[in-house]
Amino acid sequence: FQIVPGCFYGVDSFFVLSGFLCAVGLQKKVFNRRENRLPVRFSINYVKFALMRWLRLVPAQMYCILFVVNLLPFLGTGILWNLKDPRGGHCYEDAGAGQCSQYWWTNLLFLQDLDKYMGKCMVHTWYLANDFQLYLTAPFFALAYGINKRIGWVLLAACFVAGVIIPMSQTAHYEWVPEIILGGGQGFNQHFYMKPWCRCPAFLIGIACGWAWPSLQRFKGRP
């Protein structure tokens, strides 16, 4: 049975891939040139980096919100479709509409993983908020690595250790069951599972793999 709740942690594989691709791209296209490590150029490139990521994620997300709020209610009919549940909502709202008409802007700014706004609009998009927030940290690791590889590795290792210790401390302090089904009622999902500081180790492992990838490529084809 543990295979079922354990699959929820498969999400970490996507964070690893994100960190890997981000690290490889930044090193190949940006920080392999010395001028891009200077403060002014770094600031300009950082704004571009953040803006491009925002533009990549926002249009599809806003379209989905528009669809489930304004169009989905008119695409079905029948007793179950229009029947209100005990909370006063309809079955089609399980697609994620929730309070999107009021809190859509939290998704626009990728704040939907904060306690105050969690579950208000398309709760499953917490992943996008985590991903965007972790992406914003990647250029700083890449900058440190570009200046001095040892500094980059030390910074990455320090953040990784912090990303392991903090969730462990939270779990012990609140006596959570570290599992999304049994621990959900204890606040595990809201305060642990959907938080970027608890997901950062996977992202940092991806960055480490991205940095190590060129060295591993040298052994390609060797017996």
# chains A, B, ... in the order shown; residues from 1 in each chain; ligands from 1
>>> closest_atom_pairs(of="segment 149-186 of chain A", to="segment 202-218 of chain A", cutoff="9 Å", atoms="only C-alpha atoms", output="CSV")
residue,atom,partner,partner_atom,distance
A:Trp153,CA,A:Ala208,CA,8.0
A:Leu156,CA,A:Leu204,CA,6.8
A:Ala157,CA,A:Leu204,CA,8.4
A:Cys159,CA,A:Leu204,CA,8.1
A:Phe160,CA,A:Leu204,CA,6.5
>>> residues_around(residues="segment 43-59 of chain A", least_positions_apart="6", cutoff="12 Å", atoms="only C-alpha atoms", output="PyMOL selection string")
chain A and resi 18+22+25-26+29-31+35-37+65-66+104-110+125+127-129+131-140+142-143
>>> select_by_dssp(residues="segment 3-218 of chain A", states="helix (DSSP H, G or I)", output="ChimeraX atom specification")
/A:3-29,34-37,39-74,79-82,91-95,100-108,123-135,138-147,149-174,184-186,188-193,196-217
>>> atom_distance(atom1="atom CA of Phe188 of chain A", atom2="atom CA of Phe20 of chain A")
27.4 Å
>>> closest_residue(among="A:Asn130, A:Gln190, A:Ser169, A:Ser101", to="Phe14 of chain A", atoms="only C-alpha atoms")
A:Asn130
>>> residues_around(residues="Gln186 of chain A", least_positions_apart="6", cutoff="12 Å", atoms="only C-alpha atoms", output="JSON, numbers by chain")
{"A": [171, 174, 175, 176, 177, 178, 179, 180, 192, 193]}
